[in-house]
>>> print(open('entry27.csv').read())   # CSV, C-alpha atoms
chain,number,residue,atom,x,y,z
A,231,MET,CA,16.3,-35.5,6.6
A,232,LYS,CA,14.0,-36.2,9.6
A,233,LYS,CA,15.7,-33.4,11.5
A,234,ALA,CA,15.3,-31.0,8.7
A,235,ILE,CA,11.7,-31.9,8.3
A,236,THR,CA,11.1,-31.6,12.1
A,237,ALA,CA,12.7,-28.1,12.1
A,238,SER,CA,10.7,-27.0,9.1
A,239,LEU,CA,7.5,-28.3,10.6
A,240,PHE,CA,8.2,-26.5,13.8
A,241,ILE,CA,8.8,-23.2,12.0
A,242,PHE,CA,5.7,-23.7,9.8
A,243,TRP,CA,3.4,-24.3,12.8
A,244,ALA,CA,5.0,-21.6,14.9
A,245,VAL,CA,4.4,-19.0,12.1
A,246,VAL,CA,0.9,-20.2,11.1
A,247,THR,CA,-0.2,-20.3,14.7
A,248,ALA,CA,1.2,-16.9,15.5
A,249,ILE,CA,-0.4,-15.3,12.4
A,250,LEU,CA,-3.8,-17.0,12.9
A,251,THR,CA,-3.9,-16.1,16.6
A,252,ALA,CA,-2.9,-12.5,15.9
A,253,GLY,CA,-5.4,-12.3,13.1
A,254,LEU,CA,-8.1,-13.6,15.4
A,255,VAL,CA,-7.1,-11.1,18.1
A,256,PHE,CA,-6.9,-8.1,15.9
A,257,TYR,CA,-9.9,-9.0,13.7
A,258,GLY,CA,-12.4,-6.2,14.1
A,259,LYS,CA,-10.3,-4.2,16.6
A,260,GLY,CA,-9.5,-1.4,14.2
A,261,GLN,CA,-6.9,-3.4,12.4
A,262,ASN,CA,-7.2,-2.2,8.8
A,263,ALA,CA,-7.8,-5.0,6.4
A,264,SER,CA,-7.7,-2.6,3.5
A,265,PRO,CA,-4.1,-1.7,3.1
A,266,GLY,CA,-4.5,1.1,0.6
A,267,ALA,CA,-6.5,3.4,2.9
A,268,ASN,CA,-5.4,5.6,5.7
A,269,SER,CA,-7.2,7.5,8.4
A,270,THR,CA,-7.9,10.6,6.3
A,271,GLY,CA,-9.3,8.6,3.3
A,272,THR,CA,-6.8,10.2,0.9
A,273,GLN,CA,-3.2,9.1,0.4
A,274,PRO,CA,-0.2,10.7,-1.2
A,275,ALA,CA,-0.3,9.4,-4.7
A,276,ALA,CA,3.4,9.1,-4.9
A,277,SER,CA,6.5,9.6,-2.8
A,278,VAL,CA,9.2,10.5,-5.2
A,279,SER,CA,12.5,12.2,-5.2
A,280,LEU,CA,13.2,14.4,-8.3
A,281,GLY,CA,16.4,14.2,-10.2
A,282,PRO,CA,19.1,17.0,-10.2
A,283,THR,CA,17.2,18.7,-13.1
A,284,GLY,CA,14.0,18.8,-11.0
A,285,THR,CA,12.4,16.2,-13.3
A,286,LEU,CA,11.3,12.6,-13.0
A,287,THR,CA,11.4,10.0,-15.8
A,288,LEU,CA,8.6,7.4,-15.5
A,289,ASN,CA,10.7,4.4,-16.6
A,290,MET,CA,10.5,0.8,-15.3
A,291,ALA,CA,13.3,1.4,-12.8
A,292,GLU,CA,11.3,4.3,-11.2
A,293,VAL,CA,8.1,2.2,-11.2
A,294,ALA,CA,9.9,-0.7,-9.6
A,295,LYS,CA,10.7,1.5,-6.6
A,296,HIS,CA,7.0,1.9,-5.9
A,297,ASN,CA,6.3,-1.8,-5.2
A,298,LYS,CA,4.5,-1.7,-1.9
A,299,ALA,CA,0.8,-1.5,-1.0
A,300,SER,CA,1.5,1.8,0.7
A,301,ASP,CA,3.1,3.2,-2.5
A,302,CYS,CA,1.9,1.2,-5.5
A,303,TRP,CA,2.7,2.2,-9.1
A,304,MET,CA,1.8,0.0,-12.0
A,305,VAL,CA,2.4,0.1,-15.7
A,306,ILE,CA,-0.7,-0.8,-17.8
A,307,ASN,CA,-0.5,-0.5,-21.6
A,308,ASN,CA,2.6,1.7,-21.4
A,309,LYS,CA,1.0,4.1,-19.0
A,310,VAL,CA,2.0,4.6,-15.4
A,311,TYR,CA,-0.8,4.5,-12.8
A,312,VAL,CA,-0.7,5.2,-9.1
A,313,LEU,CA,-2.9,2.5,-7.6
A,314,THR,CA,-2.2,2.9,-3.9
A,315,GLN,CA,-5.7,4.0,-3.2
A,316,ALA,CA,-7.3,1.5,-5.6
A,317,ILE,CA,-6.0,-1.3,-3.4
A,318,SER,CA,-8.5,-0.7,-0.6
A,319,THR,CA,-11.5,-0.6,-3.0
A,320,HIS,CA,-10.6,-3.2,-5.5
A,321,PRO,CA,-13.5,-5.7,-5.7
A,322,GLY,CA,-11.1,-8.5,-6.7
A,323,GLY,CA,-9.2,-8.1,-3.4
A,324,ALA,CA,-6.1,-6.2,-2.4
A,325,ALA,CA,-3.8,-9.1,-3.2
A,326,SER,CA,-4.5,-9.0,-6.9
A,327,ILE,CA,-3.2,-5.4,-7.1
A,328,ILE,CA,-0.4,-5.7,-4.5
A,329,THR,CA,1.2,-8.6,-6.5
A,330,PHE,CA,1.9,-6.2,-9.4
A,331,CYS,CA,2.9,-3.1,-7.6
A,332,GLY,CA,6.1,-1.8,-9.2
A,333,GLN,CA,5.6,-4.0,-12.2
A,334,ASP,CA,4.0,-4.1,-15.7
A,335,GLY,CA,0.5,-5.3,-15.0
A,336,THR,CA,-0.8,-5.0,-18.6
A,337,GLN,CA,-1.5,-8.7,-19.0
A,338,ALA,CA,-2.9,-9.1,-15.5
A,339,PHE,CA,-5.3,-6.2,-16.1
A,340,ALA,CA,-6.4,-7.6,-19.4
A,341,THR,CA,-7.0,-11.0,-18.1
A,342,LYS,CA,-7.9,-10.3,-14.4
A,343,ASP,CA,-4.9,-12.5,-13.9
A,344,LEU,CA,-7.1,-15.5,-14.3
A,345,ASN,CA,-6.8,-18.6,-16.3
A,346,PRO,CA,-9.0,-18.7,-18.3
A,347,SER,CA,-8.9,-15.0,-18.6
A,348,ARG,CA,-11.7,-12.5,-17.9
A,349,ALA,CA,-11.7,-8.9,-19.0
A,350,HIS,CA,-12.3,-5.9,-16.7
A,351,SER,CA,-15.5,-4.0,-17.3
A,352,SER,CA,-15.6,-0.8,-19.4
A,353,PHE,CA,-16.4,1.0,-16.1
A,354,ALA,CA,-13.1,-0.3,-14.6
A,355,ASP,CA,-11.3,0.8,-17.8
A,356,ASN,CA,-12.7,4.3,-17.4
A,357,LEU,CA,-12.0,4.4,-13.7
A,358,LEU,CA,-8.4,3.5,-14.3
A,359,ASN,CA,-7.9,6.9,-15.9
A,360,ASN,CA,-8.4,8.5,-12.5
A,361,TYR,CA,-5.1,6.9,-11.4
A,362,TYR,CA,-3.1,8.0,-14.4
A,363,LEU,CA,0.3,9.6,-13.6
A,364,GLY,CA,1.9,9.7,-17.0
A,365,ASP,CA,3.1,7.7,-20.0
A,366,LEU,CA,5.9,5.2,-19.6
A,367,ASN,CA,9.3,6.8,-20.1
A,368,GLN,CA,7.7,10.3,-20.0
A,369,THR,CA,9.7,12.9,-18.2
A,370,LEU,CA,7.6,15.0,-15.7
A,371,THR,CA,8.6,18.2,-14.1
A,372,GLY,CA,8.0,18.7,-10.4
A,373,GLN,CA,5.0,20.9,-11.2
A,374,GLN,CA,3.5,18.3,-13.6
A,375,LEU,CA,4.0,15.6,-11.0
A,376,ASN,CA,2.3,17.6,-8.3
A,377,SER,CA,-0.6,18.4,-10.6
A,378,ALA,CA,-1.0,14.7,-11.5
A,379,GLN,CA,-0.9,13.7,-7.9
A,380,THR,CA,-3.5,16.3,-7.0
A,381,ASN,CA,-5.7,15.0,-9.8
A,382,ILE,CA,-5.4,11.4,-8.6
A,383,ASN,CA,-6.2,12.3,-5.1
A,384,SER,CA,-9.3,14.4,-5.9
A,385,SER,CA,-10.7,12.0,-8.5
A,386,THR,CA,-10.1,8.8,-6.6
A,387,SER,CA,-11.4,10.0,-3.3
A,388,SER,CA,-14.8,10.8,-4.9
A,389,ASN,CA,-14.9,7.6,-6.9
A,390,ALA,CA,-13.5,5.2,-4.3
A,391,ASN,CA,-16.9,3.9,-3.3
A,392,SER,CA,-18.4,3.6,-6.7
A,393,LEU,CA,-15.6,1.3,-7.9
A,394,GLY,CA,-16.7,-1.6,-5.7
A,395,GLU,CA,-20.4,-1.3,-6.3
A,396,ASN,CA,-20.1,-1.0,-10.1
A,397,GLU,CA,-17.5,-3.7,-10.6
A,398,ARG,CA,-19.6,-6.1,-8.6
A,399,GLU,CA,-22.6,-5.3,-10.7
A,400,ASN,CA,-20.6,-5.8,-13.9
A,401,ASP,CA,-19.2,-9.1,-12.7
B,64,MET,CA,35.2,-37.2,-12.9
B,65,ARG,CA,33.6,-39.6,-15.4
B,66,ILE,CA,32.9,-42.1,-12.6
B,67,TRP,CA,31.5,-39.4,-10.3
B,68,LEU,CA,29.2,-38.2,-13.2
B,69,LYS,CA,28.1,-41.8,-13.8
B,70,ASN,CA,27.4,-42.3,-10.1
B,71,ASN,CA,25.4,-39.1,-9.7
B,72,LEU,CA,23.7,-38.9,-13.0
B,73,GLY,CA,20.3,-39.5,-11.5
B,74,TRP,CA,20.7,-36.6,-9.0
B,75,LEU,CA,22.2,-34.3,-11.6
B,76,PHE,CA,19.2,-35.0,-13.8
B,77,ILE,CA,16.8,-34.3,-11.0
B,78,LEU,CA,18.7,-31.1,-10.1
B,79,ILE,CA,18.5,-29.8,-13.7
B,80,LEU,CA,14.8,-30.6,-14.1
B,81,ALA,CA,14.1,-29.0,-10.7
B,82,LEU,CA,16.0,-25.8,-11.4
B,83,ALA,CA,14.7,-25.3,-15.0
B,84,PRO,CA,11.5,-23.6,-13.9
B,85,MET,CA,13.7,-21.1,-12.0
B,86,ILE,CA,15.4,-20.2,-15.3
B,87,LEU,CA,12.0,-19.8,-17.0
B,88,TRP,CA,10.7,-17.8,-14.1
B,89,SER,CA,13.8,-15.5,-14.1
B,90,ALA,CA,13.4,-14.9,-17.8
B,91,MET,CA,9.9,-13.5,-17.4
B,92,THR,CA,10.8,-10.2,-15.6
B,93,PRO,CA,14.2,-8.5,-14.9
B,94,LEU,CA,15.7,-10.1,-11.8
B,95,SER,CA,16.4,-6.6,-10.4
B,96,SER,CA,12.7,-6.1,-10.0
B,97,ARG,CA,12.3,-9.6,-8.4
B,98,PHE,CA,14.8,-8.8,-5.6
B,99,ILE,CA,14.4,-5.1,-5.2
B,100,ASP,CA,13.7,-5.1,-1.5
B,101,LEU,CA,13.2,-7.6,1.4
B,102,MET,CA,9.5,-8.1,0.8
B,103,THR,CA,9.8,-8.6,-2.9
B,104,THR,CA,12.7,-10.9,-2.4
B,105,LEU,CA,10.7,-13.1,0.1
B,106,THR,CA,7.8,-13.2,-2.3
B,107,SER,CA,10.1,-14.2,-5.1
B,108,LEU,CA,11.6,-16.9,-3.0
B,109,GLY,CA,8.1,-18.1,-2.1
B,110,GLN,CA,7.2,-18.4,-5.7
B,111,LEU,CA,10.4,-20.4,-6.4
B,112,THR,CA,9.9,-22.8,-3.5
B,113,GLY,CA,6.4,-23.5,-4.9
B,114,LEU,CA,7.6,-24.1,-8.4
B,115,ILE,CA,10.7,-26.3,-7.4
B,116,GLY,CA,8.7,-28.1,-4.7
B,117,THR,CA,6.0,-29.1,-7.2
B,118,VAL,CA,8.5,-30.3,-9.8
B,119,LEU,CA,10.3,-32.4,-7.0
B,120,PHE,CA,6.9,-33.7,-5.9
B,121,SER,CA,6.1,-34.9,-9.4
B,122,LEU,CA,9.6,-36.4,-9.9
B,123,ASN,CA,9.2,-38.2,-6.6
B,124,LEU,CA,6.0,-39.8,-7.8
B,125,VAL,CA,7.9,-40.8,-11.0
B,126,LEU,CA,10.6,-42.3,-8.8
B,127,ALA,CA,8.0,-44.1,-6.7
B,128,SER,CA,6.6,-45.8,-9.8
B,129,ARG,CA,9.4,-48.4,-9.4
B,130,HIS,CA,9.9,-48.6,-13.2
B,131,ARG,CA,12.8,-50.9,-14.1
B,132,TYR,CA,14.6,-48.2,-16.1
B,133,LEU,CA,14.6,-45.9,-13.1
B,134,GLU,CA,16.0,-48.6,-10.8
B,135,LYS,CA,18.8,-49.0,-13.2
B,136,PHE,CA,19.3,-45.3,-13.4
B,137,PHE,CA,19.6,-45.1,-9.6
B,138,PHE,CA,21.6,-48.3,-9.2
B,139,GLY,CA,18.9,-50.6,-7.8
B,140,LEU,CA,15.7,-50.5,-5.9
B,141,ASN,CA,17.3,-49.7,-2.5
B,142,GLN,CA,19.1,-46.7,-3.8
B,143,ALA,CA,16.0,-45.6,-5.7
B,144,TYR,CA,14.0,-45.7,-2.4
B,145,PHE,CA,16.7,-43.9,-0.6
B,146,ASN,CA,16.5,-41.1,-3.2
B,147,HIS,CA,12.7,-41.2,-3.1
B,148,HIS,CA,13.0,-40.5,0.7
B,149,TRP,CA,15.3,-37.6,0.2
B,150,LEU,CA,13.5,-36.2,-2.8
B,151,GLY,CA,10.1,-36.4,-1.0
B,152,GLY,CA,11.6,-34.7,2.1
B,153,SER,CA,13.1,-31.9,0.1
B,154,ALA,CA,9.9,-31.3,-1.8
B,155,PHE,CA,7.9,-31.2,1.5
B,156,ILE,CA,10.3,-28.7,3.1
B,157,LEU,CA,10.1,-26.4,0.0
B,158,LEU,CA,6.3,-26.6,-0.1
B,159,LEU,CA,6.1,-25.9,3.7
B,160,PHE,CA,8.1,-22.7,3.2
B,161,HIS,CA,6.1,-21.7,0.1
B,162,PRO,CA,3.1,-20.1,2.0
B,163,LEU,CA,5.4,-18.9,4.8
B,164,LEU,CA,7.4,-16.8,2.4
B,165,LEU,CA,4.4,-15.5,0.5
B,166,VAL,CA,2.4,-14.4,3.6
B,167,ILE,CA,5.2,-12.1,4.9
B,168,LYS,CA,4.2,-9.5,2.4
B,169,TYR,CA,0.8,-9.2,4.0
B,170,ILE,CA,1.9,-8.9,7.6
B,171,PRO,CA,2.9,-5.2,7.6
B,172,LEU,CA,-0.4,-4.4,5.7
B,173,SER,CA,-2.9,-6.2,7.9
B,174,ILE,CA,-2.5,-9.2,10.2
B,175,ALA,CA,-6.1,-10.1,9.5
B,176,LEU,CA,-5.3,-10.3,5.8
B,177,ALA,CA,-2.3,-12.4,6.6
B,178,ALA,CA,-4.4,-14.8,8.7
B,179,GLN,CA,-7.0,-15.0,5.9
B,180,PHE,CA,-4.1,-16.2,3.7
B,181,PHE,CA,-4.0,-19.5,5.6
B,182,LEU,CA,-7.7,-20.2,5.6
B,183,PRO,CA,-9.3,-22.2,2.7
B,184,LEU,CA,-12.2,-20.1,1.4
B,185,PRO,CA,-15.0,-21.7,-0.6
B,186,PHE,CA,-15.1,-18.9,-3.2
B,187,ASP,CA,-11.3,-19.0,-3.7
B,188,ILE,CA,-10.9,-22.6,-5.1
B,189,ALA,CA,-7.4,-22.0,-6.5
B,190,LYS,CA,-6.0,-21.0,-3.1
B,191,SER,CA,-8.1,-23.5,-1.1
B,192,THR,CA,-6.8,-26.4,-3.1
B,193,GLY,CA,-3.3,-25.4,-2.3
B,194,ILE,CA,-4.0,-25.2,1.4
B,195,LEU,CA,-5.8,-28.6,1.4
B,196,ALA,CA,-2.9,-30.2,-0.6
B,197,LEU,CA,-0.4,-29.0,1.9
B,198,ALA,CA,-2.6,-30.0,4.9
B,199,LEU,CA,-3.0,-33.5,3.4
B,200,MET,CA,0.8,-33.7,2.8
B,201,ILE,CA,1.5,-32.7,6.4
B,202,VAL,CA,-0.8,-35.4,7.8
B,203,LEU,CA,0.4,-38.2,5.5
B,204,LEU,CA,4.1,-37.4,5.9
B,205,TRP,CA,3.7,-36.9,9.7
B,206,LEU,CA,2.5,-40.5,9.6
B,207,THR,CA,5.5,-41.6,7.5
B,208,PHE,CA,8.1,-39.8,9.5
B,209,TYR,CA,6.8,-39.9,13.1
B,210,ILE,CA,4.0,-42.4,13.6
B,211,ARG,CA,5.3,-45.2,11.4
B,212,PRO,CA,2.1,-47.4,11.3
B,213,ARG,CA,2.1,-51.0,10.1
B,214,TYR,CA,3.5,-51.4,6.6
B,215,GLN,CA,0.2,-52.2,4.9
B,216,LEU,CA,-1.6,-49.3,6.7
B,217,TRP,CA,1.2,-46.9,5.9
B,218,LYS,CA,1.2,-48.0,2.2
B,219,THR,CA,-2.5,-47.3,2.0
B,220,THR,CA,-2.1,-43.9,3.6
B,221,HIS,CA,0.9,-43.0,1.4
B,222,LYS,CA,-1.2,-43.6,-1.7
B,223,PHE,CA,-3.3,-40.6,-0.7
B,224,LEU,CA,-0.3,-38.4,-1.6
B,225,GLY,CA,-1.7,-38.8,-5.1
B,226,LEU,CA,-4.8,-36.9,-4.0
B,227,ALA,CA,-2.5,-34.2,-2.5
B,228,PHE,CA,-0.7,-34.0,-5.8
B,229,TRP,CA,-4.0,-33.7,-7.6
B,230,LEU,CA,-5.1,-30.8,-5.3
B,231,ALA,CA,-1.6,-29.2,-5.7
B,232,SER,CA,-1.9,-29.5,-9.5
B,233,LEU,CA,-5.2,-27.6,-9.4
B,234,HIS,CA,-3.6,-24.9,-7.3
B,235,VAL,CA,-0.6,-24.6,-9.6
B,236,TYR,CA,-2.8,-24.4,-12.7
B,237,PHE,CA,-5.6,-22.1,-11.5
B,238,ILE,CA,-3.9,-19.7,-9.0
B,239,PRO,CA,-3.1,-16.3,-10.6
B,240,SER,CA,0.6,-16.5,-10.7
B,241,ASP,CA,3.7,-16.6,-13.0
B,242,VAL,CA,2.5,-20.0,-14.2
B,243,ALA,CA,-0.7,-18.3,-15.5
B,244,ARG,CA,1.3,-15.5,-17.1
B,245,SER,CA,4.1,-17.3,-18.8
B,246,LEU,CA,3.3,-19.9,-21.5
B,247,PRO,CA,6.7,-21.7,-21.3
B,248,LEU,CA,6.4,-22.0,-17.6
B,249,ARG,CA,2.8,-23.2,-17.8
B,250,ILE,CA,3.8,-25.8,-20.3
B,251,TYR,CA,6.8,-26.9,-18.2
B,252,MET,CA,4.7,-27.3,-15.1
B,253,LEU,CA,1.9,-29.0,-17.1
B,254,VAL,CA,4.4,-31.6,-18.3
B,255,PHE,CA,5.4,-32.4,-14.7
B,256,ILE,CA,1.8,-32.5,-13.6
B,257,VAL,CA,1.0,-35.0,-16.4
B,258,LEU,CA,4.2,-37.0,-15.6
B,259,GLY,CA,3.1,-37.2,-11.9
B,260,PHE,CA,-0.3,-38.5,-12.9
B,261,LEU,CA,1.1,-41.0,-15.3
B,262,ALA,CA,3.4,-42.3,-12.6
B,263,ILE,CA,0.4,-42.6,-10.2
B,264,LEU,CA,-1.5,-44.4,-12.9
B,265,TYR,CA,1.4,-46.7,-13.7
B,266,ARG,CA,1.9,-47.5,-10.0
B,267,THR,CA,-1.7,-48.0,-9.0
B,268,VAL,CA,-3.6,-49.3,-12.1
B,269,LEU,CA,-1.0,-50.9,-14.3
B,270,ASN,CA,1.1,-52.5,-11.5
B,271,ALA,CA,-2.1,-53.7,-9.8
B,272,GLY,CA,-3.0,-55.4,-13.1
B,273,LYS,CA,0.4,-57.0,-13.3
B,274,LYS,CA,0.1,-58.4,-9.8
B,275,LYS,CA,-3.3,-59.9,-10.6
B,276,ASN,CA,-1.8,-61.6,-13.7
B,277,LEU,CA,1.1,-63.0,-11.6
B,278,GLN,CA,-1.3,-64.4,-9.1
>>> encode(input="entry27.csv", output="C-alpha cells")
Amino acid sequence: MKKAITASLFIFWAVVTAILTAGLVFYGKGQNASPGANSTGTQPAASVSLGPTGTLTLNMAEVAKHNKASDCWMVINNKVYVLTQAISTHPGGAASIITFCGQDGTQAFATKDLNPSRAHSSFADNLLNNYYLGDLNQTLTGQQLNSAQTNINSSTSSNANSLGENEREND
Amino acid sequence: MRIWLKNNLGWLFILILALAPMILWSAMTPLSSRFIDLMTTLTSLGQLTGLIGTVLFSLNLVLASRHRYLEKFFFGLNQAYFNHHWLGGSAFILLLFHPLLLVIKYIPLSIALAAQFFLPLPFDIAKSTGILALALMIVLLWLTFYIRPRYQLWKTTHKFLGLAFWLASLHVYFIPSDVARSLPLRIYMLVFIVLGFLAILYRTVLNAGKKKNLQ
C-alpha cells in the first residue's frame, strides 16, 4: 500500500507542479484563457459531415459528437444550440458550459447547475436564441445547416460582449 | 465457496457499497456519451474516482469507529485495523487522481485555466473546499505513512481527517456535478456523509464519554 501511495503522490505532485509552473509561465503571454474564441473573433458554428442524403439529423448521437470546447453543441429544452462561441463570454465561467458540451444541459441551464438552483436571467434566455441550430431530432438539409451557422456567427459576434455585461448586472 | 464468502464478507460489503454510486452515475446518462472520446472518458473517470473515493473515505471513518459489531464483522480488532489501513490508502489514491483526471480536459484549451483549477479561490467555495480537503489529507497521511510521529501525537493529527471529511462533504454537496443533478446519487452520497459524521461523533464524543466513565 505504501508503494502505491508513494507512486500516486509522485504522479500527483509531478502533474500539479508541471501545470502550475506552465500556467504561471504562460499567464499573460498570449495564452488564451477563453477557449471559445479564436483569432478572428468568429468561429465555425459547427463542423459536421452530412449523411448520404445530404441531410443531418440533430439527434443525441450527433450532439454527443460535438463535446469539445472548440466544437460545443448542447441540447436545452429539446432544442440544439451551438455554444462554442458562448464559452468565451459566459459570465459563469467556461467550465460550466464545457461540462455539458455534447449533452442535454436543460437542467443545468434551468438551475445554473447550482444547488440550491438559480435561474438564468430573461436576457440570457433571449440571448440563447442566437445560438439556436434546430430542434432535437429535426433533419436539416445542407443549405438549412449553412444558413443556421451563418445566423449563429453573425448574431453571436455582435452580441458577444453584451452577454457578460448584462448577465453580471442581472446577477 | 461458503467459507471464502464468510471470510471476505466485510470486503464484499465494502466493494458493493463503493461501486453502487457507479451504477447510479451510469444510469444518469447513456454510457456511450460518457466514454465517447479520450477527454470525456478521463473526465468520467475523474468523476468516478471522486464518488468512490468519498464513499471509501466515509466507510473508513465507520471502520475506525471501532464498534464491536464491526470488529466481529472483520474478525477482530487487528484485522479491522488492517482493513482500515488498506481502505484509507485506496480512498486516498482515488481522491488524488480525482483532480488529475478532471484537469486534463482544460489543458488543450488553456494551460492558465488548467492551473487555475488547482488554486483555491475565495469566490468558488465549492471547489476551494475540495482543494483544502485534499491538501489536508495529503499532509495528515504524509505524517501517517512517512513521518510516523509518536503515537499520541499521530493520534491527535489523525483526528483532523474528520475536518478533511467535513471539507470534502461540502465539496461533494455544493460543487455543480452529477451529485447535484441526480437525486438518487445525491441521497446516496448524503447517506455516506451522514454515516461518516456519525462515526466521527461516536469515536470522539461517545467513546471519550465512555473512557471518562471507566476512569
>>> residues_around(input="entry27.csv", residues="Phe181 in chain B", least_positions_apart="2", cutoff="12 Å", atoms="only C-alpha atoms", output="ChimeraX atom specification")
/A:242-243,245-251,253 /B:161-163,165-167,169,174-179,183-184,187,190-195,197-198
>>> write_last_selection(input="entry27.csv", atoms="C-alpha atoms", output="CSV table (one decimal), in the coordinates of the input")
chain,number,residue,atom,x,y,z
A,242,PHE,CA,5.7,-23.7,9.8
A,243,TRP,CA,3.4,-24.3,12.8
A,245,VAL,CA,4.4,-19.0,12.1
A,246,VAL,CA,0.9,-20.2,11.1
A,247,THR,CA,-0.2,-20.3,14.7
A,248,ALA,CA,1.2,-16.9,15.5
A,249,ILE,CA,-0.4,-15.3,12.4
A,250,LEU,CA,-3.8,-17.0,12.9
A,251,THR,CA,-3.9,-16.1,16.6
A,253,GLY,CA,-5.4,-12.3,13.1
B,161,HIS,CA,6.1,-21.7,0.1
B,162,PRO,CA,3.1,-20.1,2.0
B,163,LEU,CA,5.4,-18.9,4.8
B,165,LEU,CA,4.4,-15.5,0.5
B,166,VAL,CA,2.4,-14.4,3.6
B,167,ILE,CA,5.2,-12.1,4.9
B,169,TYR,CA,0.8,-9.2,4.0
B,174,ILE,CA,-2.5,-9.2,10.2
B,175,ALA,CA,-6.1,-10.1,9.5
B,176,LEU,CA,-5.3,-10.3,5.8
B,177,ALA,CA,-2.3,-12.4,6.6
B,178,ALA,CA,-4.4,-14.8,8.7
B,179,GLN,CA,-7.0,-15.0,5.9
B,183,PRO,CA,-9.3,-22.2,2.7
B,184,LEU,CA,-12.2,-20.1,1.4
B,187,ASP,CA,-11.3,-19.0,-3.7
B,190,LYS,CA,-6.0,-21.0,-3.1
B,191,SER,CA,-8.1,-23.5,-1.1
B,192,THR,CA,-6.8,-26.4,-3.1
B,193,GLY,CA,-3.3,-25.4,-2.3
B,194,ILE,CA,-4.0,-25.2,1.4
B,195,LEU,CA,-5.8,-28.6,1.4
B,197,LEU,CA,-0.4,-29.0,1.9
B,198,ALA,CA,-2.6,-30.0,4.9
>>> closest_residue(input="entry27.csv", among="A:Thr329, A:Gln368, A:Thr285, A:Ser279", to="chain B", atoms="all atoms listed in the file")
A:Thr329
>>> closest_residue(input="entry27.csv", among="A:Leu280, A:Ile235, A:Leu254, A:Leu286", to="Asp365 in chain A", atoms="all atoms listed in the file")
A:Leu286
>>> closest_atom_pairs(input="entry27.csv", of="chain B", to="chain A", cutoff="9 Å", atoms="all atoms listed in the file", output="CSV")
residue,atom,partner,partner_atom,distance
B:Thr92,CA,A:Gln333,CA,8.8
B:Ser95,CA,A:Ala294,CA,8.8
B:Ser96,CA,A:Ala294,CA,6.1
B:Ile99,CA,A:Ala294,CA,7.7
B:Asp100,CA,A:Lys295,CA,8.9
B:Met102,CA,A:Lys298,CA,8.6
B:Thr103,CA,A:Asn297,CA,8.0
B:His148,CA,A:Met231,CA,8.4
B:Trp149,CA,A:Met231,CA,6.8
B:Gly152,CA,A:Met231,CA,6.6
B:Ser153,CA,A:Met231,CA,8.1
B:Phe155,CA,A:Ile235,CA,7.8
B:Ile156,CA,A:Ser238,CA,6.2
B:Leu159,CA,A:Phe242,CA,6.5
B:Phe160,CA,A:Phe242,CA,7.1
B:Pro162,CA,A:Phe242,CA,9.0
B:Leu163,CA,A:Phe242,CA,6.9
B:Lys168,CA,A:Lys298,CA,8.9
B:Tyr169,CA,A:Ala325,CA,8.5
B:Ile170,CA,A:Ile249,CA,8.3
B:Leu172,CA,A:Pro265,CA,5.3
B:Ser173,CA,A:Ala263,CA,5.3
B:Ile174,CA,A:Gly253,CA,5.1
B:Ala175,CA,A:Gly253,CA,4.3
B:Leu176,CA,A:Ala263,CA,5.9
B:Ala177,CA,A:Ile249,CA,6.8
B:Ala178,CA,A:Leu250,CA,4.8
B:Gln179,CA,A:Gly253,CA,7.9
B:Phe181,CA,A:Val246,CA,7.4
B:Leu182,CA,A:Leu250,CA,8.9
B:Ile201,CA,A:Leu239,CA,8.5
B:Phe208,CA,A:Lys232,CA,6.9
B:Tyr209,CA,A:Lys232,CA,8.8
B:Tyr236,CA,A:Asn345,CA,7.9
B:Phe237,CA,A:Asn345,CA,6.1
B:Ile238,CA,A:Leu344,CA,7.5
B:Pro239,CA,A:Asp343,CA,5.3
B:Ser240,CA,A:Asp343,CA,7.5
B:Ala243,CA,A:Asn345,CA,6.2
B:Arg244,CA,A:Asp343,CA,7.6
>>> residues_around(input="entry27.csv", residues="Ser128 in chain B", least_positions_apart="6", cutoff="10 Å", atoms="only C-alpha atoms", output="PyMOL selection string")
chain B and resi 122+134+259+261-267+270
>>> atom_distance(input="entry27.csv", atom1="CA of Lys135 in chain B", atom2="CA of Ile77 in chain B")
15.0 Å
>>> atom_distance(input="entry27.csv", atom1="CA of Trp88 in chain B", atom2="CA of Thr106 in chain B")
13.0 Å
>>> atom_distance(input="entry27.csv", atom1="CA of Gly335 in chain A", atom2="CA of Leu370 in chain A")
21.5 Å
>>> residues_around(input="entry27.csv", residues="Val235 in chain B", least_positions_apart="5", cutoff="10 Å", atoms="all atoms listed in the file", output="ChimeraX atom specification")
/B:113-114,117,189-190,192-193,229-230,240-243,249,252-253,256
>>> decode(input="entry27.csv", residues="range 64-71 of chain B", atoms="N, CA and C atoms", output="PDB file, in the first residue's frame")
ATOM      1  N   MET B  64     -16.450 -22.300  -1.068  1.00  0.00           N
ATOM      2  CA  MET B  64     -17.102 -21.058  -1.525  1.00  0.00           C
ATOM      3  C   MET B  64     -17.770 -20.339  -0.347  1.00  0.00           C
ATOM      4  N   ARG B  65     -18.475 -21.162   0.445  1.00  0.00           N
ATOM      5  CA  ARG B  65     -19.207 -20.593   1.580  1.00  0.00           C
ATOM      6  C   ARG B  65     -18.215 -20.007   2.608  1.00  0.00           C
ATOM      7  N   ILE B  66     -17.123 -20.751   2.804  1.00  0.00           N
ATOM      8  CA  ILE B  66     -16.111 -20.276   3.768  1.00  0.00           C
ATOM      9  C   ILE B  66     -15.449 -19.008   3.247  1.00  0.00           C
ATOM     10  N   TRP B  67     -15.133 -19.026   1.957  1.00  0.00           N
ATOM     11  CA  TRP B  67     -14.497 -17.848   1.343  1.00  0.00           C
ATOM     12  C   TRP B  67     -15.398 -16.627   1.491  1.00  0.00           C
ATOM     13  N   LEU B  68     -16.693 -16.870   1.236  1.00  0.00           N
ATOM     14  CA  LEU B  68     -17.674 -15.795   1.330  1.00  0.00           C
ATOM     15  C   LEU B  68     -17.741 -15.255   2.755  1.00  0.00           C
ATOM     16  N   LYS B  69     -17.702 -16.195   3.707  1.00  0.00           N
ATOM     17  CA  LYS B  69     -17.785 -15.800   5.113  1.00  0.00           C
ATOM     18  C   LYS B  69     -16.549 -14.986   5.516  1.00  0.00           C
ATOM     19  N   ASN B  70     -15.385 -15.436   5.015  1.00  0.00           N
ATOM     20  CA  ASN B  70     -14.127 -14.767   5.359  1.00  0.00           C
ATOM     21  C   ASN B  70     -14.002 -13.378   4.722  1.00  0.00           C
ATOM     22  N   ASN B  71     -14.626 -13.230   3.577  1.00  0.00           N
ATOM     23  CA  ASN B  71     -14.462 -11.968   2.836  1.00  0.00           C
ATOM     24  C   ASN B  71     -15.732 -11.131   2.787  1.00  0.00           C
TER      25      ASN B  71
END
